[in-house]
Structure formats: C-alpha cells, structure tokens
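Structure below is entry15.cif: mmCIF, C-alpha atoms and all ligand atoms.
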```cif
data_coords
loop_
_atom_site.label_atom_id
_atom_site.label_comp_id
_atom_site.auth_asym_id
_atom_site.auth_seq_id
_atom_site.Cartn_x
_atom_site.Cartn_y
_atom_site.Cartn_z
CA MET A 633 182.80 -21.56 187.73
CA PRO A 634 182.22 -25.09 186.30
CA ASP A 635 184.09 -26.07 183.12
CA GLU A 636 181.41 -26.59 180.46
CA LYS A 637 183.71 -28.13 177.86
CA ARG A 638 182.60 -31.70 177.22
CA LEU A 639 186.02 -33.28 176.64
CA SER A 640 188.11 -31.54 179.29
CA GLY A 641 190.92 -33.73 180.60
CA ARG A 642 190.61 -36.21 177.74
CA VAL A 643 193.19 -37.09 175.10
CA ALA A 644 192.26 -37.87 171.50
CA LEU A 645 194.22 -39.32 168.60
CA VAL A 646 192.87 -38.42 165.16
CA THR A 647 194.43 -40.19 162.16
CA GLY A 648 194.88 -38.21 158.95
CA ALA A 649 194.32 -34.98 160.86
CA ALA A 650 196.70 -32.65 159.00
CA LYS A 651 193.98 -31.39 156.68
CA ARG A 652 190.44 -31.70 155.38
CA ILE A 653 187.89 -33.61 157.53
CA GLY A 654 190.43 -34.92 160.04
CA ARG A 655 191.66 -31.41 160.77
CA PHE A 656 188.09 -30.18 161.36
CA VAL A 657 187.48 -33.09 163.74
CA ALA A 658 190.73 -32.48 165.63
CA LEU A 659 190.01 -28.77 166.04
CA ARG A 660 186.46 -29.50 167.18
CA LEU A 661 187.65 -31.95 169.84
CA ALA A 662 190.22 -29.41 171.01
CA ALA A 663 187.55 -26.70 171.18
CA GLU A 664 185.66 -29.07 173.51
CA GLY A 665 188.69 -29.29 175.78
CA ALA A 666 190.59 -32.36 174.51
CA ASP A 667 194.33 -32.54 173.99
CA VAL A 668 194.96 -34.04 170.56
CA ALA A 669 197.59 -36.19 168.86
CA ILE A 670 197.59 -35.27 165.18
CA HIS A 671 198.55 -38.23 163.04
CA TYR A 672 199.78 -37.53 159.52
CA GLY A 673 201.29 -39.50 156.66
CA ARG A 674 202.98 -37.07 154.28
CA SER A 675 201.45 -33.69 155.19
CA GLU A 676 203.98 -32.61 157.80
CA ALA A 677 203.62 -28.83 157.32
CA GLU A 678 199.82 -29.03 157.51
CA ALA A 679 200.06 -31.27 160.60
CA ARG A 680 202.27 -28.71 162.33
CA ASP A 681 199.80 -26.00 161.41
CA THR A 682 196.94 -28.02 162.94
CA VAL A 683 199.01 -28.44 166.12
CA HIS A 684 199.55 -24.68 166.20
CA GLU A 685 195.81 -24.00 165.80
CA ILE A 686 195.03 -26.38 168.67
CA GLU A 687 197.58 -24.69 170.90
CA LYS A 688 195.90 -21.36 170.13
CA LEU A 689 192.71 -22.92 171.55
CA GLY A 690 194.60 -23.52 174.80
CA GLN A 691 195.00 -27.28 174.39
CA ARG A 692 198.07 -29.45 173.99
CA ALA A 693 198.85 -31.16 170.69
CA ILE A 694 201.57 -33.19 169.03
CA ALA A 695 202.09 -34.21 165.39
CA ILE A 696 203.11 -37.84 164.82
CA SER A 697 203.76 -39.42 161.42
CA ALA A 698 203.09 -43.05 160.52
CA ASP A 699 202.44 -45.06 157.40
CA LEU A 700 199.19 -46.72 158.42
CA THR A 701 199.72 -49.65 156.07
CA ASN A 702 202.54 -50.74 158.38
CA VAL A 703 201.39 -52.34 161.65
CA ALA A 704 204.71 -51.67 163.42
CA GLN A 705 204.34 -47.96 162.60
CA ILE A 706 200.78 -48.05 163.95
CA GLN A 707 202.04 -49.47 167.26
CA ASN A 708 204.71 -46.77 167.35
CA LEU A 709 202.06 -44.09 166.70
CA ILE A 710 199.96 -45.21 169.66
CA ASP A 711 203.05 -45.58 171.87
CA GLN A 712 204.23 -42.06 171.03
CA ALA A 713 200.81 -40.52 171.70
CA VAL A 714 200.49 -42.29 175.07
CA SER A 715 204.05 -41.55 176.09
CA HIS A 716 203.48 -37.85 175.34
CA PHE A 717 200.08 -37.42 177.03
CA HIS A 718 200.22 -40.34 179.52
CA ARG A 719 196.72 -41.45 178.55
CA LEU A 720 194.44 -42.03 175.56
CA ASP A 721 190.65 -41.67 175.74
CA ILE A 722 189.48 -41.20 172.15
CA LEU A 723 190.63 -42.77 168.88
CA VAL A 724 189.23 -41.36 165.64
CA ASN A 725 190.13 -43.58 162.67
CA ASN A 726 189.69 -40.90 159.99
CA ALA A 727 192.56 -41.54 157.55
CA ALA A 728 191.67 -43.30 154.32
CA ASN A 729 192.17 -43.25 150.58
CA PHE A 730 189.52 -43.16 147.85
CA LEU A 731 190.76 -45.19 144.91
CA GLU A 732 188.72 -45.85 141.78
CA ALA A 733 188.77 -49.49 140.63
CA LYS A 734 186.02 -51.38 138.81
CA PHE A 735 185.60 -55.16 138.77
CA GLY A 736 187.68 -55.68 135.62
CA SER A 737 190.37 -53.11 136.41
CA THR A 738 190.95 -54.06 140.05
CA THR A 739 194.50 -55.34 140.55
CA GLU A 740 196.08 -57.01 143.54
CA GLN A 741 197.84 -53.71 144.17
CA SER A 742 194.70 -51.55 144.03
CA TRP A 743 192.78 -54.07 146.19
CA ASP A 744 195.53 -54.07 148.83
CA ALA A 745 195.88 -50.27 148.71
CA SER A 746 192.20 -49.81 149.57
CA LEU A 747 191.89 -52.60 152.11
CA ASP A 748 195.21 -51.94 153.89
CA THR A 749 194.61 -48.25 154.53
CA ASN A 750 190.85 -48.23 155.00
CA LEU A 751 190.22 -51.46 156.92
CA LYS A 752 193.44 -53.09 158.15
CA ALA A 753 194.80 -49.82 159.56
CA PRO A 754 191.76 -48.87 161.69
CA PHE A 755 191.66 -52.43 163.02
CA PHE A 756 195.29 -52.37 164.16
CA CYS A 757 194.94 -48.80 165.49
CA ALA A 758 192.03 -50.07 167.59
CA GLN A 759 193.96 -53.14 168.75
CA ALA A 760 196.98 -51.06 169.80
CA ALA A 761 194.87 -48.35 171.44
CA ALA A 762 192.41 -50.65 173.24
CA PRO A 763 194.41 -51.23 176.47
CA HIS A 764 194.83 -47.47 176.93
CA LEU A 765 191.21 -46.68 176.01
CA ALA A 766 190.04 -49.32 178.49
CA LYS A 767 191.95 -47.58 181.29
CA SER A 768 190.27 -44.27 180.45
CA GLY A 769 186.90 -45.09 181.97
CA LYS A 770 185.30 -43.31 178.97
CA GLY A 771 187.16 -44.91 176.09
CA ILE A 772 185.71 -44.44 172.62
CA ILE A 773 186.62 -45.33 169.06
CA VAL A 774 185.02 -43.56 166.10
CA ASN A 775 185.61 -45.25 162.75
CA PHE A 776 185.08 -43.62 159.36
CA ALA A 777 182.96 -45.62 156.93
CA ASP A 778 181.37 -44.18 153.76
CA ILE A 779 177.92 -44.59 152.22
CA GLY A 780 179.76 -46.53 149.50
CA GLY A 781 180.16 -49.19 152.20
CA LEU A 782 176.37 -49.45 152.42
CA LEU A 783 175.37 -49.00 148.79
CA GLY A 784 178.42 -50.44 147.01
CA TRP A 785 179.87 -48.22 144.26
CA ARG A 786 180.69 -50.35 141.20
CA GLU A 787 183.37 -47.81 140.18
CA PHE A 788 185.02 -48.05 143.60
CA LEU A 789 184.73 -51.76 144.28
CA PRO A 790 187.63 -52.35 146.75
CA HIS A 791 186.95 -49.00 148.44
CA SER A 792 183.29 -49.93 148.98
CA VAL A 793 184.27 -53.35 150.32
CA SER A 794 186.79 -51.75 152.70
CA LYS A 795 184.17 -49.36 154.07
CA ALA A 796 181.55 -52.13 154.40
CA GLY A 797 184.20 -53.92 156.43
CA VAL A 798 184.54 -50.88 158.67
CA ILE A 799 180.80 -51.02 159.43
CA LEU A 800 180.91 -54.70 160.40
CA MET A 801 184.20 -54.28 162.26
CA THR A 802 182.57 -51.49 164.30
CA ARG A 803 179.88 -53.93 165.47
CA ILE A 804 182.38 -56.64 166.35
CA LEU A 805 184.73 -54.27 168.19
CA ALA A 806 181.79 -52.82 170.10
CA LYS A 807 181.01 -56.30 171.44
CA GLU A 808 184.63 -57.15 172.05
CA LEU A 809 185.55 -53.97 173.93
CA ALA A 810 182.33 -53.37 175.92
CA PRO A 811 181.71 -52.17 178.52
CA ALA A 812 185.01 -50.31 178.89
CA VAL A 813 185.17 -48.88 175.37
CA ARG A 814 182.38 -47.82 173.04
CA VAL A 815 182.88 -48.16 169.28
CA ASN A 816 180.81 -46.31 166.68
CA ALA A 817 181.20 -45.25 163.06
CA ILE A 818 180.14 -42.48 160.77
CA ALA A 819 179.24 -43.04 157.10
CA PRO A 820 179.38 -39.71 155.28
CA GLY A 821 177.98 -38.93 151.87
CA THR A 822 179.89 -36.48 149.70
CA ILE A 823 181.55 -33.76 151.77
CA THR A 824 182.97 -30.68 150.09
CA MET A 825 185.57 -28.43 151.64
CA PRO A 826 185.50 -24.65 151.86
CA GLY A 827 186.89 -23.35 148.55
CA ASP A 828 186.02 -26.45 146.51
CA PRO A 829 184.70 -25.52 143.02
CA PRO A 830 180.90 -25.12 143.00
CA GLU A 831 180.65 -27.46 139.98
CA TRP A 832 181.55 -30.32 142.32
CA GLN A 833 177.91 -30.13 143.38
CA THR A 834 177.12 -32.47 140.50
CA ASP A 835 173.69 -33.62 139.40
CA PHE A 836 173.49 -36.78 141.42
CA ILE A 837 174.38 -34.81 144.53
CA ARG A 838 171.84 -32.08 143.85
CA ARG A 839 169.17 -34.72 143.32
CA ALA A 840 169.73 -36.03 146.85
CA PRO A 841 166.85 -35.04 149.14
CA LEU A 842 168.69 -32.22 150.90
CA ARG A 843 170.12 -31.02 147.56
CA ARG A 844 173.63 -30.26 148.71
CA THR A 845 176.86 -31.84 149.79
CA GLY A 846 177.85 -32.01 153.43
CA ARG A 847 180.34 -29.75 155.22
CA PRO A 848 183.32 -30.89 157.29
CA ASP A 849 182.04 -29.00 160.34
CA GLU A 850 178.88 -31.14 160.14
CA ILE A 851 181.05 -34.27 160.22
CA ALA A 852 182.93 -32.86 163.22
CA ASP A 853 179.60 -32.22 165.00
CA ALA A 854 178.53 -35.83 164.34
CA VAL A 855 181.83 -37.24 165.59
CA LEU A 856 181.41 -35.22 168.78
CA PHE A 857 177.90 -36.65 169.15
CA LEU A 858 179.23 -40.22 168.77
CA ILE A 859 181.90 -39.50 171.37
CA THR A 860 179.53 -38.01 173.92
CA ALA A 861 176.45 -40.27 173.45
CA GLU A 862 177.19 -42.56 176.36
CA PHE A 863 174.49 -45.20 175.64
CA LEU A 864 175.55 -45.66 172.01
CA THR A 865 177.83 -48.41 170.76
CA GLY A 866 178.22 -50.55 167.64
CA GLN A 867 176.30 -48.09 165.49
CA THR A 868 177.02 -46.42 162.17
CA LEU A 869 175.61 -42.93 161.74
CA VAL A 870 174.78 -42.19 158.10
CA LEU A 871 175.30 -38.49 157.41
CA ASP A 872 174.53 -38.00 153.73
CA GLY A 873 171.68 -35.54 153.24
CA GLY A 874 169.42 -38.49 152.51
CA ARG A 875 171.37 -39.59 149.44
CA SER A 876 171.35 -43.25 150.44
CA LEU A 877 167.53 -43.16 150.34
CA PHE A 878 167.98 -43.24 146.53
CA PRO A 879 170.64 -45.90 146.00
CA ASP A 880 170.22 -45.86 142.21
CA LEU A 881 171.65 -42.32 141.92
CA ARG A 882 175.06 -43.90 141.54
CA THR A 883 175.40 -47.61 141.05
N1 LIG B 1 185.43 -36.45 151.63
C1 LIG B 1 184.30 -37.10 151.43
O1 LIG B 1 183.43 -36.67 150.67
C2 LIG B 1 184.03 -38.40 152.17
C3 LIG B 1 182.87 -39.13 151.88
C4 LIG B 1 182.65 -40.33 152.57
C5 LIG B 1 183.56 -40.78 153.51
N2 LIG B 1 184.68 -40.04 153.76
C6 LIG B 1 185.63 -40.55 154.75
O2 LIG B 1 185.96 -39.51 155.66
C7 LIG B 1 187.34 -39.62 156.04
C8 LIG B 1 188.06 -38.31 155.75
O3 LIG B 1 187.86 -37.97 154.40
P1 LIG B 1 188.85 -36.94 153.64
O4 LIG B 1 188.28 -36.72 152.29
O5 LIG B 1 189.14 -35.77 154.53
O6 LIG B 1 190.16 -37.87 153.56
P2 LIG B 1 191.46 -37.71 152.67
O7 LIG B 1 191.77 -36.28 152.51
O8 LIG B 1 191.31 -38.52 151.41
O9 LIG B 1 192.54 -38.47 153.57
C9 LIG B 1 192.80 -38.06 154.90
C10 LIG B 1 194.25 -38.34 155.22
O10 LIG B 1 194.50 -39.73 155.31
C11 LIG B 1 195.89 -39.87 155.34
N3 LIG B 1 196.31 -41.16 154.82
C12 LIG B 1 195.81 -41.85 153.76
N4 LIG B 1 196.49 -43.00 153.59
C13 LIG B 1 197.42 -43.06 154.59
C14 LIG B 1 198.43 -43.98 154.96
N5 LIG B 1 198.62 -45.14 154.30
N6 LIG B 1 199.22 -43.69 156.02
C15 LIG B 1 199.06 -42.54 156.69
N7 LIG B 1 198.11 -41.63 156.40
C16 LIG B 1 197.32 -41.88 155.36
C17 LIG B 1 196.47 -38.73 154.52
O11 LIG B 1 197.41 -38.06 155.34
P3 LIG B 1 198.67 -37.21 154.73
O12 LIG B 1 198.07 -36.14 153.86
O13 LIG B 1 199.34 -36.67 155.94
O14 LIG B 1 199.51 -38.19 153.96
C18 LIG B 1 195.25 -37.86 154.20
O15 LIG B 1 195.49 -36.49 154.35
C19 LIG B 1 187.89 -40.82 155.27
O16 LIG B 1 187.84 -41.98 156.06
C20 LIG B 1 186.95 -40.94 154.09
O17 LIG B 1 186.88 -42.25 153.54
C21 LIG B 1 184.94 -38.87 153.12
#
```

Using structure tokens, write down the structure from this file.
Amino acid sequence: MPDEKRLSGRVALVTGAAKRIGRFVALRLAAEGADVAIHYGRSEAEARDTVHEIEKLGQRAIAISADLTNVAQIQNLIDQAVSHFHRLDILVNNAANFLEAKFGSTTEQSWDASLDTNLKAPFFCAQAAAPHLAKSGKGIIVNFADIGGLLGWREFLPHSVSKAGVILMTRILAKELAPAVRVNAIAPGTITMPGDPPEWQTDFIRRAPLRRTGRPDEIADAVLFLITAEFLTGQTLVLDGGRSLFPDLRT
C-alpha cells in the first residue's frame, strides 16, 4: 500500500518548538511523516514532551537547545541535528520574541533584543542549514514574519522592523538558494492558544473581517502548504483573518 504521508523520509528542524505555535508545527510535520529536531531555548521539559509526542506518532525526534542570539550556538544546533538524522530537508524559523518598544523608549538593548532573535537568528540558521538543505533535493525554509512587519506597529517598533526584515530576507534568500532550496514566509495576525482567556479577543481583533483570532493548527496547516507547494518561493503568506485589510485598527 502506498505511503500517503507527504513528508515521509524528510527531516525538519523547527526552532522554538517546545511549546505554542512551534510545537503545533512540529507535531503537524511529524504527523505528515517527518522526523523532527525540536530546538528550544529555556523550555527543556516542554521540548522533551514534544519529542515524546512525536515519538508516539511513530517518528524520530531530538531536543536540542541553543541561544539563537549566538551564531556559534546556531551552527552547533544545525550540526547536532544533521549528525543525529544524517540529513536536513526542512528548516522552520519559528522562534522569536515580541517586545514592546516605542520610538522614544527604544534602547540599544531593546533594539538588539528584537533584531538579534527575530532577524539575525533566522538568517544564520538559514546560512548554516543551506548546504544540507541543498543536498536534500527538496530543501525548504519557512520563515516566520508577522503582520506587524507589513503594517508597522508604533508600539512595537524594533519588532516590526525585524519582521519586515524577515519578509525582505525571504525574497533575497529565495533568489540566492534557488533552484535547490525554496524559501517562503508566513505573516500571522494574532493567534490565540487553546485555554487563552476569551477576553484576549479584544475589540480590534473582533473588528477584523473574520471576527476572530487565528488558531495554531491553522498556522501549522499553512506551514505545511508552504513546504509542499513546489512552485512557490520568495513569498510571504499573510494569515490574519483579513486584519491587514484595515491597517488603521492598530497604528
Ligand atoms: N502568537 C501570535 O499571535 C503571533 C502573531 C504573529 C506572528 N507570530 C510569530 O509566530 C512565531 C511563533 O509565535 P509564538 O507566539 O508561538 O512564539 P513565542 O512563544 O513568543 O516564542 C517561541 C519560542 O521562541 C524561543 N526563543 C525566543 N528567543 C529565543 C532565543 N534567543 N534563543 C532560543 N530560543 C528563543 C522560545 O523558546 P524557549 O521557551 O525554549 O526559551 C519560545 O518558546 C514567532 O515567530 C512569532 O513572531 C506569532
């Protein structure tokens, strides 16, 4: 009987995959037949739990820690994943922070904290992973942007700049790494997790055309689409319930 799983035989590395969106993505890729390296920063127990859940799906998994602001640790992360699985086909640059800083209150430290984790880290993950992804024959990078990177939140100035950088970096990497590796991005709107308080569905979210926040399983579906859409590269998929159609809802 033919194996209908779309990612059978492929190895993925998902950064920030111990919990929340990254965990959903990792489990979705495993459900489609991928073996998965679970990167984590501080959430070791949650990372081990994600590994366990993937093993229950019949796939292999490993948890690897790295501070993504440190390029040497990024190289070590990629090396460990490849040495464990002997290949790397999919890199999902999910890890990020979300730091509030307005024009007047932005410090060198808060600027660097946003840019280092959200933009520098995915770049150096891509650079370290590229030789392995190129050997795959179906190499793919999925970067995580944010609709703040399109609209520009004044309250999250460095964050918005970092995510705008991710969108442009996605286009440049797509040119640089073609045809061996495709590079796409996803720009989510507000995503709420199971169990989040209902009041988090605040006014500006409810006024978005689809009148709700997104779910992490919807992000995982979209990441799987970006991975499997073989004629797609350099693109950013905006998944926000239409919120970016009304940019003045939060300026
Ligand atoms: N949630 C939303 O509504 C939303 C909206 C738009 C875009 N996004 C994007 O979607 C992605 C996932 O969102 P999320 O809310 O699930 O993310 P999150 O919980 O804020 O962060 C994911 C993980 O990133 C890791 N991380 C952060 N800085 C790190 C560092 N310097 N070194 C190593 N690991 C680091 C953390 O791992 P540890 O816990 O192991 O330390 C954290 O658990 C992000 O790129 C985010 O910008 C999310």

* To do: Would you work out the distance separating atom CA of Val774 of chain A from atom CA of Val724 of chain A, expressed in Å to one decimal?
  => 4.8 Å

* To do: Please extract the residues at most 6 Å from ligand LIG 1 (chain B), counting only C-alpha atoms and all ligand atoms, and provide them as a list of chain:residue names, using the chain letters and residue numbers of this document.
  => A:Gly648, A:Ala650, A:Lys651, A:Arg652, A:Ile653, A:Gly654, A:Tyr672, A:Gly673, A:Arg674, A:Ser675, A:Ala698, A:Asp699, A:Leu700, A:Thr701, A:Asn726, A:Ala727, A:Ala728, A:Asn729, A:Thr749, A:Phe776, A:Ala777, A:Asp778, A:Pro820, A:Gly821, A:Thr822, A:Ile823

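The smallest atom-to-atom distance between Arg660 of chain A and any of A:Val798, A:Ile710, A:Leu877, A:Val855, using all atoms listed in the file, is found for A:Val855.
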
* To do: Pick out the closest residue to Glu685 of chain A from this set: A:Ala810, A:Asp667, A:Glu787, A:Lys734. Count only C-alpha atoms.
  =>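 Of A:Ala810, A:Asp667, A:Glu787, A:Lys734, the one nearest Glu685 of chain A is A:Asp667, counting only C-alpha atoms.
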
As AutoDock Vina command-line options, please: the centre and edge lengths in Å, to one decimal, of an axis-aligned box enclosing every listed atom of segment 824-834 of chain A with 5 Å added on each side.
```
--center_x 182.0 --center_y -27.9 --center_z 145.9 --size_x 19.8 --size_y 19.1 --size_z 21.9
```

* So which residues touch Glu664 of chain A within 9 Å, counting only C-alpha atoms, skipping near sequence neighbours fewer than 3 positions away, as an MDAnalysis selection string? -> chainID A and resid 636:640 659:661 856

* Asked: Taking into account all atoms listed in the file, which residue in the set A:Thr739, A:Val813, A:Asp828, A:Ala745 is nearest to Pro763 of chain A?
  -> A:Val813

* Pick from A:Val714, A:Ile779, A:Leu709, A:Ala753, whichever lies nearest to Val870 of chain A using all atoms listed in the file -> A:Ile779

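The two atoms in question, atom CA of Asn816 of chain A and atom CA of Met801 of chain A, are spaced 9.7 Å apart.
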
* **Given only C-alpha atoms as the counted atoms, nearest of A:Thr845, A:Thr860, A:Ser876, A:Ser792 to Leu747 of chain A** =>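 Looking only at the distances to Leu747 of chain A, the closest residue turns out to be A:Ser792.
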
* Structure fact -> Across A:Gly873, A:Pro879, A:Gly780, A:Pro811, the smallest distance to Lys767 of chain A, with all atoms listed in the file counted, is shown by A:Pro811

* Selection near His684 of chain A, 12 Å with all atoms listed in the file, sequence-local residues under 2 positions removed, as a VMD selection string -> chain A and resid 650 655 658 to 659 662 668 to 670 677 to 682 686 to 695

* **Length of the atom CA of Lys807 of chain A to atom CA of Leu864 of chain A vector [Å]** =>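 Atom CA of Lys807 of chain A sits 12.0 Å away from atom CA of Leu864 of chain A.
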
* Asked: Got a sec to check which residues sit within 6 Å of (181.2, -49.2, 165.7), counting only C-alpha atoms, and write them as a ChimeraX atom specification?
  -> /A:802-803,806,815-817,866-867
